[in-house]
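Inspection log for the structure reproduced underneath, given as structure tokens.
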Amino acid sequence: MILAKSCHDLDIFVWLLGKQCKKVSSYGGLHLFRPEKAPEGAAKRCLDGCLAKADCPYDAEKIYIANERTGIRTVVREGKTGDAAWPCCVLTPNDLSEAAVRKALKTGPYGRCVYACDNDVVDHQVVNMEFEDGITVDFQMTAFTGEGGRTIHICGTKGDIKGNLGKNKVILTQFGRTPVSFEVAEGDMSGHAGGDNRLNLLVKLQRELGLTYLFIAHDLSMVKHISDRVGVMYMGHIVELASSKELYANPQHPYTKALLSAIPIPNPEKEKNKVVLPLEGEVGSPINCGPGCRFASRCKYATERCKNKTPVLKEIEKEHFAACHLFD
């Protein structure tokens with residue numbers, strides 16, 4: 001979970017401190033969202049006559065229809081569109097109506113009971129780190145909070161700093177003095193705290209000024225949105241390289257195919273029926289890789305040759321490159 005969802009948070013700690021991390025410990029688990037923890041009378045889907053609905057804070061009908069802050073009725077009443085209609089815009093981006101949201105909840109993944117979602121991801125995790133000069137950092141990721149988003153608390157010897165990304169606010173307190181509060185960014189802060197809007201600005205400047213960027217991300221939809229040419233990396237090696245249009249339409253490397261198959265589809269029917277290519281096996285050590293393809297331990301096509309000889313990046317179609325023995 002930390003690597004998939006919060007790797008950039010860990011990057012921020014390193015950037016703020018300018019120090020090397022010496023020790024790391026991490027623990028957590030899947031505590032609540034298990035079938036055996038479901039309340040009595042819970043249905044498989046929230047709109048299928050769930051008897052636990054009244055007292056369930058995770059009821060999809062409450063969240064996506066009736067809630068004053070997140071429900072579709074508020075979206076319709078206030079005429080919200082785009083990111084302002086979140087989270088309903090995720091369910092039905094092309095039809096922001098109560099009927100459409102109800103249909104999505106009845107048939108799509110967002111209407112499933114949280115205790116019956118085949119979840120194998122932790123619902124809470126802690127990472128403790130010790131940096132040079134005795135600096136310690138603790139990072140917590142939890143599903144159990146009244147507000148989403150991110151907060152930070154930096155404790156120094158002469159004061160502390162508290163930040164809230166969702167509220168766009170920082171409070172600086174020098175010990176013995178009155179706290180000072182100020183906003184840290186300007187402009188539209190919707191869409192990942194303004195990140196989406198700034199990405200669109202990058203795309204606009206790219207097209208108008210002919211700029212070139214090196215854009216590194218794990219969000220594959222975002223990569224497709226901003227990039228003309230894409231390189232897919234696995235454990236430090238580029239395994240496939242092609243134009244964005246070609247790579248997303250015609251992936252060749254087994255790892256690329258698995259990655260693209262996991263991209264969420266903003267259509268409940270298509271999302272329900274899509275086929276995700278599973279990645280099994282153990283992830284190898286990035287420190288002691290040894291000979292052979294670094295993806296071999298997770299590839300269903302791997303042979304002895306894959307385990308003993310590293311594949312080189314070669315052109316398999318015009319301006320489309322892959323590093324895989326399947327193309328030898």
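Quick note on naming: the chains in the structure tokens go A, B, ... in the order shown, residues restart at 1 in each chain, and ligands are numbered from 1 in order of appearance.
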
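The shell of residues at most 9 Å from Val137 (chain A), with only C-alpha atoms counted and near chain neighbours (fewer than 4 positions) removed, consists of A:Phe13, A:Val127, A:Asn128, A:Met129, A:Glu130, A:Phe131.
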
- Query: Could you write out, as a PyMOL selection string, all the residues of region 116-236 of chain A that DSSP marks as alpha helix (DSSP H)?
  - Reply: chain A and resi 195-209+220-226

Kindly save the residues from that selection, with C-alpha atoms included, as a tab-separated table (two decimals), in the first residue's frame.
chain	number	residue	atom	x	y	z
A	195	GLY	CA	-2.28	18.92	-9.07
A	196	ASP	CA	-4.62	18.01	-11.93
A	197	ASN	CA	-4.97	21.65	-12.99
A	198	ARG	CA	-1.23	22.17	-12.93
A	199	LEU	CA	-0.73	19.03	-15.03
A	200	ASN	CA	-3.12	20.45	-17.60
A	201	LEU	CA	-1.06	23.64	-17.57
A	202	LEU	CA	2.04	21.55	-18.35
A	203	VAL	CA	0.24	19.97	-21.31
A	204	LYS	CA	-0.84	23.41	-22.55
A	205	LEU	CA	2.71	24.81	-22.33
A	206	GLN	CA	4.08	21.67	-23.96
A	207	ARG	CA	1.85	22.13	-26.99
A	208	GLU	CA	2.23	25.90	-27.28
A	209	LEU	CA	5.99	26.17	-26.66
A	220	LEU	CA	-0.88	5.18	-15.97
A	221	SER	CA	-3.89	7.27	-16.99
A	222	MET	CA	-1.94	10.40	-16.14
A	223	VAL	CA	1.08	9.18	-18.10
A	224	LYS	CA	-1.12	8.65	-21.16
A	225	HIS	CA	-2.62	12.13	-20.75
A	226	ILE	CA	0.66	14.03	-20.67

- Query: What are the DSSP strand (DSSP E or B) residues of region 89-219 of chain A, as a ChimeraX atom specification?
  - Reply: /A:112,124-131,136-142,151-155,159-164,169-174,180-183

- Find the spatial neighbours of Leu326 (chain A), counting only C-alpha atoms, within a cut-off of 10 Å - ignore same-chain residues fewer than 5 positions away - and output them as a PyMOL selection string. chain A and resi 252-254+301-303+306+311

- Task: Find, counting only C-alpha atoms, the residue in A:Cys293, A:Asp120, A:Glu246, A:Ala323 that gets nearest to Thr310 (chain A).
- Result: A:Cys293

- Quick one: residues within 10 Å of Leu214 (chain A), only C-alpha atoms counted, chain neighbours fewer than 6 positions away excluded, as a ChimeraX atom specification? /A:227,229-230

- Task: Compare A:Glu280, A:Phe175, A:Ile161, A:Phe321 by their minimum atom-to-atom distance to Gly231 (chain A), counting only C-alpha atoms, and give me the closest one.
- Result: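 Smallest distance to Gly231 (chain A) is found for A:Phe321.
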
Which residues are close to Glu40 (chain A), i.e. within 10 Å by only C-alpha atoms, leaving aside same-chain residues fewer than 5 positions away? Reply as a compact mmCIF listing (two decimals) with C-alpha atoms, in the first residue's frame.
# COMPACT_ATOMS: atom_id res chain seq x y z
CA CYS A 50 -29.05 -4.48 3.36
CA LEU A 51 -30.42 -4.84 6.90
CA ALA A 52 -27.35 -3.16 8.39

- Message: So that I can see what lies close to His124 (chain A), please list as a VMD selection string the residues with an atom at most 6 Å from it, counting only C-alpha atoms and leaving out residues fewer than 6 positions away in the same chain.
- Response: chain A and resid 28 to 29 141 to 142

Just write the chosen residues, C-alpha atoms, as a PDB file, in the first residue's frame.
ATOM      1  CA  GLY A  28      -0.019  -2.766   9.630  1.00  0.00           C
ATOM      2  CA  GLY A  29      -2.752  -5.037   8.383  1.00  0.00           C
ATOM      3  CA  MET A 141      -1.834   5.582   6.396  1.00  0.00           C
ATOM      4  CA  THR A 142      -5.327   4.739   7.607  1.00  0.00           C
TER       5      THR A 142
END
